[in-house]
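Novice: Just coords.cif, nothing more (mmCIF, C-alpha atoms):
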```cif
data_entry
loop_
_atom_site.label_atom_id
_atom_site.label_comp_id
_atom_site.auth_asym_id
_atom_site.auth_seq_id
_atom_site.Cartn_x
_atom_site.Cartn_y
_atom_site.Cartn_z
CA MET A 13 4.62 22.05 -8.32
CA ASP A 14 1.42 23.79 -9.39
CA LEU A 15 -0.86 22.26 -12.01
CA SER A 16 -3.57 24.89 -11.67
CA ASP A 17 -2.32 27.08 -14.53
CA ASP A 18 -1.95 24.27 -17.06
CA VAL A 19 -4.85 24.42 -19.53
CA ASP A 20 -4.84 20.67 -20.24
CA MET A 21 -4.76 19.83 -16.54
CA ARG A 22 -7.60 22.25 -15.76
CA ARG A 23 -9.64 20.55 -18.47
CA PHE A 24 -8.79 17.10 -17.13
CA ARG A 25 -9.56 18.15 -13.55
CA ALA A 26 -13.01 19.28 -14.69
CA GLU A 27 -13.48 15.91 -16.40
CA VAL A 28 -12.62 14.05 -13.20
CA ARG A 29 -14.94 16.23 -11.14
CA ALA A 30 -17.79 15.51 -13.57
CA PHE A 31 -16.99 11.80 -13.27
CA VAL A 32 -17.14 12.00 -9.46
CA ALA A 33 -20.40 13.97 -9.57
CA GLY A 34 -21.95 11.18 -11.61
CA LEU A 35 -20.95 8.61 -8.98
CA VAL A 36 -21.90 10.21 -5.69
CA PRO A 37 -25.35 11.08 -4.31
CA ASP A 38 -26.44 14.50 -3.10
CA GLY A 39 -24.98 15.47 0.25
CA TRP A 40 -21.92 13.29 -0.27
CA ARG A 41 -19.40 13.53 2.61
CA GLY A 42 -17.09 10.69 1.66
CA VAL A 43 -17.26 6.91 1.52
CA GLY A 44 -16.57 6.70 5.27
CA ALA A 45 -19.98 8.22 6.00
CA LEU A 46 -21.77 5.22 4.47
CA PRO A 47 -22.88 2.19 6.52
CA PRO A 48 -20.51 -0.79 6.06
CA ALA A 49 -22.69 -2.71 3.57
CA GLU A 50 -23.35 0.38 1.45
CA ARG A 51 -19.69 1.31 1.61
CA GLU A 52 -18.68 -2.05 0.17
CA GLU A 53 -21.22 -1.87 -2.65
CA PHE A 54 -20.23 1.70 -3.48
CA ALA A 55 -16.55 0.70 -3.62
CA LYS A 56 -17.34 -2.17 -6.01
CA GLY A 57 -19.36 0.08 -8.28
CA THR A 58 -16.66 2.75 -8.25
CA ARG A 59 -14.02 0.17 -9.15
CA ARG A 60 -16.07 -0.92 -12.17
CA ALA A 61 -16.59 2.68 -13.29
CA LEU A 62 -12.89 3.48 -12.93
CA ALA A 63 -11.94 0.36 -14.88
CA GLU A 64 -14.31 1.28 -17.71
CA ALA A 65 -12.83 4.78 -17.83
CA GLY A 66 -9.26 3.41 -17.86
CA TRP A 67 -8.59 5.14 -14.54
CA LEU A 68 -8.22 2.11 -12.27
CA ALA A 69 -4.61 1.94 -13.47
CA PRO A 70 -4.38 5.43 -14.96
CA SER A 71 -0.69 5.37 -15.91
CA TRP A 72 -0.79 1.94 -17.61
CA PRO A 73 -0.86 1.77 -21.41
CA VAL A 74 -4.32 1.76 -22.97
CA ALA A 75 -3.51 -1.58 -24.64
CA TYR A 76 -3.56 -3.25 -21.22
CA GLY A 77 -6.70 -1.52 -19.94
CA GLY A 78 -5.03 1.52 -18.41
CA GLY A 79 -5.63 5.19 -19.09
CA GLY A 80 -2.29 6.05 -20.67
CA LEU A 81 -2.30 9.23 -18.59
CA SER A 82 0.71 11.45 -18.16
CA PRO A 83 2.26 11.66 -14.68
CA ALA A 84 0.74 15.14 -14.28
CA ALA A 85 -2.74 13.82 -15.09
CA LEU A 86 -2.18 10.93 -12.66
CA VAL A 87 -1.48 13.46 -9.89
CA VAL A 88 -4.67 15.38 -10.74
CA LEU A 89 -6.74 12.19 -10.74
CA VAL A 90 -5.39 11.09 -7.35
CA GLU A 91 -5.95 14.56 -5.88
CA GLU A 92 -9.56 14.71 -7.03
CA LEU A 93 -10.58 11.16 -6.08
CA THR A 94 -8.88 11.28 -2.69
CA GLY A 95 -10.10 14.79 -1.95
CA ALA A 96 -13.68 13.77 -2.76
CA GLY A 97 -13.48 10.71 -0.51
CA VAL A 98 -14.02 8.31 -3.42
CA PRO A 99 -12.20 4.94 -3.25
CA SER A 100 -9.91 4.19 -6.17
CA GLY A 101 -9.94 0.39 -5.96
CA SER A 102 -10.02 -2.56 -3.60
CA ASP A 103 -7.47 -3.29 -0.88
CA ASN A 104 -5.90 -6.04 -3.00
CA ASP A 105 -5.50 -3.60 -5.90
CA SER A 106 -2.61 -2.05 -3.99
CA PHE A 107 -0.79 -5.35 -4.55
CA GLY A 108 -2.00 -6.19 -8.06
CA ILE A 109 -1.97 -2.71 -9.61
CA SER A 110 0.24 -0.34 -7.63
CA MET A 111 2.97 -2.86 -6.85
CA LEU A 112 2.95 -5.81 -9.25
CA GLY A 113 1.49 -4.21 -12.36
CA ASN A 114 3.80 -1.20 -12.29
CA THR A 115 6.76 -3.49 -11.67
CA MET A 116 5.82 -5.84 -14.51
CA LEU A 117 5.67 -2.94 -16.96
CA ARG A 118 9.35 -2.31 -16.20
CA CYS A 119 10.67 -5.80 -15.59
CA ALA A 120 8.47 -8.52 -17.14
CA ASP A 121 8.30 -10.21 -20.52
CA GLU A 122 5.74 -8.57 -22.83
CA ASN A 123 3.72 -11.79 -23.19
CA LEU A 124 3.44 -12.00 -19.41
CA VAL A 125 2.35 -8.38 -19.19
CA ALA A 126 -0.30 -8.87 -21.87
CA ARG A 127 -1.72 -11.91 -20.08
CA PHE A 128 -1.82 -10.58 -16.52
CA LEU A 129 -2.48 -6.85 -16.55
CA PRO A 130 -5.93 -6.89 -18.20
CA ARG A 131 -7.02 -9.74 -15.91
CA ILE A 132 -5.85 -7.84 -12.84
CA LEU A 133 -8.00 -4.88 -13.87
CA SER A 134 -11.03 -7.05 -14.62
CA GLY A 135 -10.79 -8.65 -11.17
CA GLU A 136 -10.21 -12.13 -12.57
CA TYR A 137 -6.73 -12.21 -11.04
CA VAL A 138 -6.59 -10.94 -7.43
CA PHE A 139 -3.07 -10.75 -6.02
CA ALA A 140 -1.44 -10.87 -2.61
CA GLN A 141 2.22 -10.31 -1.73
CA GLY A 142 4.50 -13.21 -0.76
CA PHE A 143 7.70 -11.70 0.63
CA SER A 144 8.06 -12.06 4.42
CA GLU A 145 8.69 -15.39 6.16
CA PRO A 146 9.04 -16.49 9.80
CA GLY A 147 12.82 -16.06 9.52
CA ALA A 148 12.89 -13.36 6.86
CA GLY A 149 11.17 -10.11 7.72
CA SER A 150 13.46 -7.09 7.77
CA ASP A 151 16.29 -9.35 6.53
CA LEU A 152 14.35 -10.32 3.42
CA ALA A 153 17.37 -11.80 1.64
CA SER A 154 17.43 -14.64 4.18
CA LEU A 155 14.15 -16.05 2.82
CA ALA A 156 14.00 -19.85 2.75
CA LEU A 157 10.99 -20.76 0.56
CA ARG A 158 12.41 -22.80 -2.30
CA ALA A 159 11.26 -23.19 -5.89
CA ARG A 160 12.72 -26.15 -7.77
CA ARG A 161 12.51 -26.37 -11.55
CA ASP A 162 10.80 -29.57 -12.69
CA ASP A 163 10.59 -29.68 -16.50
CA ASP A 164 8.15 -26.92 -17.50
CA ARG A 165 7.07 -25.89 -14.01
CA TRP A 166 8.30 -24.68 -10.62
CA VAL A 167 7.64 -26.70 -7.46
CA LEU A 168 7.43 -24.58 -4.30
CA ASN A 169 7.94 -25.61 -0.68
CA GLY A 170 8.02 -23.30 2.31
CA GLN A 171 6.01 -20.64 4.09
CA LYS A 172 5.12 -16.98 3.76
CA LEU A 173 3.92 -14.85 6.67
CA TRP A 174 1.95 -11.60 7.19
CA SER A 175 0.49 -11.83 3.68
CA SER A 176 -2.20 -9.15 3.74
CA GLY A 177 -5.33 -10.06 1.81
CA ALA A 178 -4.15 -13.55 0.84
CA HIS A 179 -7.51 -14.94 2.02
CA LYS A 180 -9.18 -12.78 -0.66
CA ALA A 181 -6.65 -13.51 -3.42
CA ASN A 182 -6.31 -16.23 -6.04
CA TRP A 183 -2.74 -15.34 -7.05
CA MET A 184 0.43 -14.33 -5.21
CA PHE A 185 3.73 -12.86 -6.37
CA VAL A 186 6.28 -14.88 -4.45
CA LEU A 187 9.95 -14.28 -3.77
CA ALA A 188 11.50 -17.76 -3.83
CA ARG A 189 15.01 -19.15 -3.57
CA THR A 190 15.68 -20.72 -6.95
CA ASN A 191 19.44 -21.20 -6.52
CA PRO A 192 20.20 -22.29 -2.94
CA GLY A 193 23.93 -22.35 -3.65
CA ALA A 194 24.16 -18.69 -4.66
CA ALA A 195 24.77 -15.69 -2.40
CA PRO A 196 21.58 -14.63 -0.53
CA HIS A 197 20.71 -11.78 -2.91
CA LYS A 198 21.71 -13.67 -6.06
CA GLY A 199 19.61 -16.82 -5.97
CA ILE A 200 16.11 -15.32 -5.66
CA SER A 201 13.36 -15.14 -8.31
CA MET A 202 9.92 -13.53 -8.33
CA LEU A 203 7.29 -16.08 -9.38
CA LEU A 204 3.56 -15.67 -10.05
CA VAL A 205 1.78 -18.51 -8.25
CA PRO A 206 -1.93 -19.48 -8.32
CA LEU A 207 -3.32 -19.97 -4.82
CA ASP A 208 -6.33 -22.08 -5.83
CA GLN A 209 -4.52 -25.42 -5.85
CA PRO A 210 -4.10 -28.40 -3.48
CA GLY A 211 -0.52 -27.52 -2.52
CA VAL A 212 -1.41 -24.15 -0.98
CA GLU A 213 -2.94 -23.51 2.45
CA VAL A 214 -3.91 -19.99 3.56
CA ARG A 215 -4.40 -19.50 7.31
CA PRO A 216 -5.80 -16.12 8.40
CA ILE A 217 -4.23 -14.54 11.49
CA ARG A 218 -6.41 -12.55 13.88
CA ASN A 219 -4.77 -9.24 14.71
CA ILE A 220 -5.09 -6.86 17.65
CA THR A 221 -8.24 -5.24 16.21
CA GLY A 222 -9.96 -8.63 16.00
CA ASP A 223 -9.81 -8.67 12.19
CA THR A 224 -8.14 -11.23 9.94
CA ASP A 225 -6.45 -9.00 7.39
CA PHE A 226 -3.19 -10.91 7.09
CA ASN A 227 -2.28 -14.56 6.81
CA GLU A 228 0.35 -17.25 6.84
CA VAL A 229 0.56 -19.20 3.59
CA PHE A 230 2.04 -22.70 3.28
CA PHE A 231 3.36 -24.19 0.04
CA ASP A 232 3.66 -27.98 -0.03
CA ASP A 233 4.74 -29.07 -3.52
CA ALA A 234 2.66 -26.24 -4.96
CA VAL A 235 3.34 -25.60 -8.63
CA THR A 236 3.35 -22.79 -11.16
CA ASP A 237 4.25 -22.63 -14.85
CA GLY A 238 7.92 -22.28 -15.68
CA GLU A 239 7.50 -19.04 -17.62
CA LEU A 240 5.71 -17.19 -14.80
CA VAL A 241 8.84 -15.35 -13.68
CA VAL A 242 8.93 -11.55 -13.38
CA GLY A 243 12.35 -10.49 -14.61
CA GLU A 244 15.25 -12.90 -14.87
CA VAL A 245 15.54 -16.22 -13.06
CA ASN A 246 17.77 -15.60 -10.00
CA GLY A 247 17.41 -11.85 -10.65
CA GLY A 248 14.43 -11.34 -8.38
CA TRP A 249 16.17 -9.13 -5.83
CA SER A 250 16.34 -6.11 -8.14
CA VAL A 251 12.72 -6.76 -9.20
CA ALA A 252 11.68 -6.83 -5.54
CA MET A 253 13.46 -3.53 -4.87
CA THR A 254 11.62 -1.96 -7.81
CA LEU A 255 8.32 -3.20 -6.41
CA LEU A 256 9.08 -1.92 -2.91
CA GLY A 257 9.83 1.49 -4.41
CA PHE A 258 6.30 1.57 -5.82
CA GLU A 259 4.83 0.27 -2.54
CA ARG A 260 6.47 3.03 -0.51
CA GLY A 261 6.47 5.80 -3.10
CA GLU A 262 3.03 5.91 -4.73
CA THR A 263 1.49 6.31 -1.27
CA ALA A 264 2.91 9.82 -1.25
CA LEU A 265 0.37 10.95 -3.85
CA HIS A 266 -2.75 10.28 -1.82
CA ALA A 267 -1.77 9.78 1.83
CA PRO A 268 -1.17 13.48 2.67
CA ILE A 269 -4.71 14.34 1.59
CA ARG A 270 -6.14 11.60 3.78
CA PHE A 271 -3.95 12.56 6.73
CA ARG A 272 -5.17 16.17 6.46
CA SER A 273 -8.78 14.99 6.42
CA GLU A 274 -8.10 12.81 9.45
CA LEU A 275 -6.41 15.65 11.34
CA ASP A 276 -9.36 17.95 10.64
CA ARG A 277 -11.62 15.25 12.08
CA LEU A 278 -9.43 15.02 15.19
CA ILE A 279 -9.57 18.80 15.65
CA ALA A 280 -13.37 18.58 15.47
CA LEU A 281 -13.28 15.86 18.15
CA ILE A 282 -11.13 18.08 20.37
CA ARG A 283 -13.68 20.88 20.01
CA GLU A 284 -16.55 18.49 20.76
CA ARG A 285 -14.78 17.46 23.95
CA GLY A 286 -14.10 21.04 25.05
CA LEU A 287 -10.34 20.56 25.05
CA THR A 288 -9.29 23.44 22.80
CA GLY A 289 -7.85 25.33 25.79
CA ASP A 290 -5.70 22.47 27.05
CA PRO A 291 -2.06 23.61 26.51
CA ASP A 292 -0.74 20.07 26.06
CA ILE A 293 -3.42 19.24 23.48
CA ARG A 294 -2.70 22.49 21.64
CA ARG A 295 1.04 21.75 21.57
CA ARG A 296 0.49 18.23 20.25
CA ILE A 297 -2.03 19.23 17.59
CA ALA A 298 0.36 21.97 16.39
CA TRP A 299 3.09 19.34 16.01
CA CYS A 300 0.69 17.15 14.01
CA HIS A 301 -0.16 20.06 11.73
CA VAL A 302 3.53 20.60 10.96
CA GLN A 303 3.99 16.89 10.20
CA VAL A 304 1.02 16.78 7.81
CA GLU A 305 2.39 19.82 5.98
CA GLN A 306 5.76 18.09 5.76
CA LEU A 307 4.06 15.01 4.31
CA ARG A 308 2.25 17.21 1.79
CA CYS A 309 5.57 18.66 0.65
CA GLN A 310 7.06 15.19 0.36
CA GLY A 311 4.06 14.16 -1.73
CA LEU A 312 4.61 17.12 -4.06
CA ARG A 313 8.25 16.11 -4.38
CA THR A 314 7.19 12.59 -5.39
CA ALA A 315 4.68 13.97 -7.88
CA THR A 316 7.34 16.24 -9.38
CA GLY A 317 9.62 13.22 -9.79
CA LEU A 318 6.90 11.26 -11.56
CA ILE A 319 6.20 14.15 -13.91
CA ALA A 320 9.94 14.26 -14.69
CA GLY A 321 9.83 10.52 -15.49
CA ARG A 322 11.55 9.22 -12.35
CA ALA A 323 10.17 6.07 -10.74
CA PRO A 324 10.12 5.99 -6.92
CA GLY A 325 13.53 5.05 -5.55
CA PRO A 326 15.30 5.05 -2.16
CA GLU A 327 13.84 8.47 -1.34
CA ALA A 328 10.49 6.71 -0.89
CA ALA A 329 11.90 5.46 2.41
CA VAL A 330 11.78 9.03 3.74
CA PHE A 331 8.05 9.28 3.17
CA LYS A 332 7.37 5.80 4.59
CA LEU A 333 9.30 6.66 7.75
CA LEU A 334 7.61 10.04 8.18
CA TRP A 335 4.02 8.94 7.71
CA SER A 336 4.19 5.73 9.74
CA GLU A 337 5.82 7.36 12.76
CA TYR A 338 3.48 10.37 12.50
CA HIS A 339 0.41 8.17 12.39
CA ARG A 340 1.44 6.31 15.52
CA ILE A 341 1.74 9.62 17.40
CA VAL A 342 -1.41 11.33 16.09
CA THR A 343 -3.54 8.32 16.98
CA ASP A 344 -1.97 8.35 20.46
CA LEU A 345 -3.34 11.87 20.75
CA ALA A 346 -6.78 10.76 19.52
CA VAL A 347 -6.99 8.07 22.20
CA ASP A 348 -5.93 10.59 24.88
CA VAL A 349 -8.70 12.91 23.70
CA LEU A 350 -11.23 10.07 23.94
CA GLY A 351 -10.10 9.27 27.48
CA VAL A 352 -12.06 6.47 29.15
CA ASP A 353 -14.33 6.18 26.08
CA ALA A 354 -11.41 4.49 24.30
CA LEU A 355 -11.69 1.58 26.76
CA ALA A 356 -15.18 0.64 25.56
CA PRO A 357 -15.40 1.84 21.95
CA THR A 358 -18.78 2.43 20.35
CA GLY A 359 -19.77 3.08 16.76
CA THR A 360 -18.30 1.66 13.56
CA ALA A 361 -14.69 0.52 13.41
CA SER A 362 -12.52 1.43 10.44
CA PRO A 363 -12.50 -1.22 7.68
CA ASN A 364 -9.04 -0.15 6.50
CA TRP A 365 -5.83 -2.06 7.01
CA PHE A 366 -3.65 0.93 6.18
CA HIS A 367 -3.39 4.61 7.02
CA THR A 368 -6.54 6.39 8.18
CA ASP A 369 -10.23 5.66 8.25
CA ASP A 370 -12.11 6.54 5.07
CA PRO A 371 -12.93 10.22 4.41
CA GLY A 372 -16.25 11.13 5.92
CA ALA A 373 -15.95 8.57 8.73
CA PRO A 374 -17.80 9.55 11.92
CA ASN A 375 -15.93 10.70 15.01
CA SER A 376 -16.80 7.50 16.86
CA SER A 377 -14.51 6.00 19.48
CA ALA A 378 -14.53 2.71 17.54
CA SER A 379 -13.22 4.45 14.43
CA TRP A 380 -10.36 6.10 16.29
CA THR A 381 -9.35 3.13 18.43
CA SER A 382 -9.27 0.71 15.48
CA VAL A 383 -7.10 3.12 13.50
CA TYR A 384 -4.93 3.59 16.60
CA LEU A 385 -4.31 -0.15 16.79
CA ASN A 386 -3.61 -0.49 13.06
CA ALA A 387 -1.21 2.46 13.17
CA ARG A 388 1.23 0.33 15.17
CA ALA A 389 1.59 -2.01 12.21
CA GLY A 390 2.43 0.91 9.91
CA THR A 391 5.90 1.14 11.43
CA ILE A 392 6.51 -2.52 10.53
CA TYR A 393 4.92 -3.47 7.19
CA ALA A 394 6.56 -2.39 3.90
CA GLY A 395 9.83 -2.26 5.82
CA THR A 396 10.24 -1.35 9.48
CA SER A 397 11.17 2.14 10.58
CA GLN A 398 14.65 0.83 11.37
CA ILE A 399 15.01 -0.45 7.81
CA GLN A 400 13.82 2.90 6.41
CA ARG A 401 16.42 4.74 8.51
CA THR A 402 19.11 2.41 7.19
CA ILE A 403 18.04 3.08 3.59
CA VAL A 404 18.05 6.84 4.19
CA GLY A 405 21.44 6.71 5.90
CA GLU A 406 23.24 4.47 3.44
CA LEU A 407 21.60 5.18 0.07
CA LEU A 408 20.64 8.85 0.45
CA LEU A 409 23.14 10.28 2.93
CA GLY A 410 26.08 8.08 1.96
CA LEU A 411 26.79 6.92 5.49
CA PRO A 412 28.89 3.75 5.92
CA LYS A 413 27.10 0.44 6.25
CA GLU A 414 26.60 -0.92 9.74
CA PRO A 415 29.33 -3.37 10.71
CA LYS A 416 28.30 -7.00 10.52
CA ARG A 417 27.78 -8.81 13.78
CA PRO A 418 30.83 -10.98 14.55
CA GLN A 419 30.23 -14.69 14.18
CA PRO A 420 30.78 -16.86 17.27
CA ALA A 421 34.01 -18.85 17.27
CA GLY A 422 33.80 -22.52 16.33
#
```
Go through the file and emit its structure as C-alpha cells.
Specialist:
Amino acid sequence: MDLSDDVDMRRFRAEVRAFVAGLVPDGWRGVGALPPAEREEFAKGTRRALAEAGWLAPSWPVAYGGGGLSPAALVVLVEELTGAGVPSGSDNDSFGISMLGNTMLRCADENLVARFLPRILSGEYVFAQGFSEPGAGSDLASLALRARRDDDRWVLNGQKLWSSGAHKANWMFVLARTNPGAAPHKGISMLLVPLDQPGVEVRPIRNITGDTDFNEVFFDDAVTDGELVVGEVNGGWSVAMTLLGFERGETALHAPIRFRSELDRLIALIRERGLTGDPDIRRRIAWCHVQVEQLRCQGLRTATGLIAGRAPGPEAAVFKLLWSEYHRIVTDLAVDVLGVDALAPTGTASPNWFHTDDPGAPNSSASWTSVYLNARAGTIYAGTSQIQRTIVGELLLGLPKEPKRPQPAG
C-alpha cells in the first residue's frame, strides 16, 4: 500500500504536518524528550487540540465529535503523529475510543452512541476495561461477576482484576453474567457501569516496575441503568470479540513506527557502549531488524484491510503475537547491552504501560529497564501468547480444536 501518489492524501498529509508544526516547539525530538511534568501538560494540550480538530477519534462520524475521515486518511494521520513523536490521546483513550467507541458504533443502540461518544471525547467519561477476573483470564467465558435485573437497573456483584487505568476512570465497560443458567458464552452481556458510586471499590496493584497501572475492582450491589447494554442482553460475547479485534488490530497502525524508533535508539546505545563489533550483539540486532520490518508489513496489511472496509478480525492475533514476543526479546538485548548498569538504573523511567517508551526518550538505563519489565506483561494482556496461537491455529489455519481435558470420575 502506497498513499504517496494520491493527491488527496498528499494534501491531507501536508495539513497534518502543519497541525503538528503548530503544536511543537523548535528543536522538537518527540514527547519522550520532555521532563515528566512537561510531558504530561503537552499530552493534555495535544489531546484538546486533536479533539477540536476532530482527530482524537478520526474515523468516528462528525456528528459524534469525530473527524469522519476515510480509512486512508486515518492511516496518514497515525503515520504523521506517531512519526513526529506526538501523543494522540491519554492512556485511558485506548479503552474509551479505540476499543469501546469503535465497538459501540457497530453494536450499540443509536441513543447510547449519541450519549456516550461525545462525552468520551470531551473527557467527561473516562473508561476502563472490566473483562478479566481471578478465575477468568485466558478462559474469559468462565467469568463469574453477575448482573441481576432489578426493575429498571442492573445490580452487579463480583470482582474484576488487572483493570488498567481503573484508578483514573469514572466508567467501566463490564462483561457480566446476566443469565447464569445459560451456556458460558451465551449468558454474558456488556454493561456500561459508573465507578463513582458506593458499591464500587478500586484497589490499585503495584507491579514489578513499582507503578500502580492496573487494579482489582470489587462490585458489591453496584448498580447501572437497565438500558446501558452494548448490543443485546446475553449477546455480549460477540460484542466482546469485536472489541478485542479493535484492541489487537488498531495497534498495528502505530506500533511498527514506535518499534523502529525504539530499535534505532537501541542501536545508538550499542554504539555508545562500543559494542558494534560484538558478533552476538550484531546477530541479535539483525534479528530485531527483521522482526520490525515484519511488523511494518503486518501494519500495512492491517491498513489495507481498513481501507477496503474490513474491521480487524482474527488476523489481529498474528500481530499481537509477533509484537509482544518481539518486544520481550529486544528488551532482553537492551538489558544485556546495559550490563551492570541495569542493576541500578538511573535517569527517567518510561511512563508508558504498553509497548515502548515515548519517541525522543533518552537512552537512560531507567528508561530501558522499565520498558524491559513492562514488556513481560505484553505477552499476557489483551490475550496471552498461547491464546493468540490458538486463534491463529483454529480460526486462520483451520486446525482442529484442542481436545477438552477429561473430567475426573465421580
Novice: With distances taken over all atoms listed in the file, which residue among A:Gly101, A:Ser336, A:Ala267, A:Thr288 lies nearest Thr314 (chain A)?
Specialist: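 The shortest atom-to-atom distance to Thr314 (chain A) comes from A:Ala267.
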Novice: List as a list in words the protein and nucleic acid residues near region 64-67 of chain A, meaning an atom at most 6 Å away when only C-alpha atoms are counted, but skip any in the same chain fewer than 5 places from it.
Specialist: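 Near region 64-67 of chain A, the qualifying residues are Gly77, Gly78 and Gly79 of chain A.
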Novice: Can you pull out the residues contacting Gly321 (chain A)? Cut-off 12 Å, using only C-alpha atoms, and skip same-chain residues under 4 positions away; I want them as a ChimeraX atom specification.
Specialist: /A:71,82-84,314-317,325
Novice: I need the output of the PyMOL selection byres ((chain A and resi 259) around 9) for this file as an NGL selection string; which residues are they?
Specialist: :A and (106-107 or 110-111 or 254-258 or 260-263 or 324 or 328 or 394)
Novice: Between CA of Val352 (chain A) and CA of Cys300 (chain A), what is the distance, to one decimal in Å?
Specialist: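 Distance reported for this atom pair: 22.5 Å.
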